[in-house]
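One structure below.
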Amino acid sequence: MSNGRALLTDREREIVAGEADVDDPYRYQTISRVRQRFSRLEDDLEAMEKHGELADEVREIVCAESDQEPDG
């Protein structure tokens, strides 16, 4: 059971990760929908900037994840 979502729903996460048995056109549509959220993410960050620490917390999470070395 999910605790809600960030950018992806549980199902979208499965599809994007290639773990769901869906055809390619549906996978591409899902990826396109996710990309459309990126512009809204920028707006969300702007709003969080006004609060101050919320934007910093998001940056810490994203940057920490991107700094991890890939497995293998």
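Residues in the structure tokens are named by chain (A, B, ... in the order shown) and by number from 1 within that chain; ligands are numbered from 1 in the order shown.
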
Neighbouring residues of stretch 9-19 of chain A were defined as those with any atom within 9 Å, considering only C-alpha atoms; residues of the same chain fewer than 3 positions away were excluded. Please report them as a list in words.
Met1, Ser2, Gly4, Arg5, Ala6, Val22, Tyr26, Arg27, Tyr28, Thr30, Ile31 and Val34 of chain A

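For A:Leu41, the set of protein, DNA and RNA residues having any atom at most 12 Å away, when counting only C-alpha atoms and skipping those fewer than 5 positions along the same chain, is Ala6, Leu7, Val34, Arg35, Gln36, Glu46, Ala47, Met48, Ala55 and Val58 of chain A.
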
Tell me, in Å to one decimal, how far atom CA of A:Glu57 is from atom CA of A:Leu45.
10.7 Å

Just give me the gap between atom CA of A:Arg37 and atom CA of A:Asp56 in Å, one decimal is fine.
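Going from atom CA of A:Arg37 over to atom CA of A:Asp56 covers 19.8 Å.
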
In Å to one decimal, how far is atom CA of A:Leu8 from atom CA of A:Gln29?
13.4 Å

Among chain A, which ones does DSSP place in helix (DSSP H, G or I), written as a VMD selection string?
chain A and resid 10 to 16 24 to 51 53 to 67
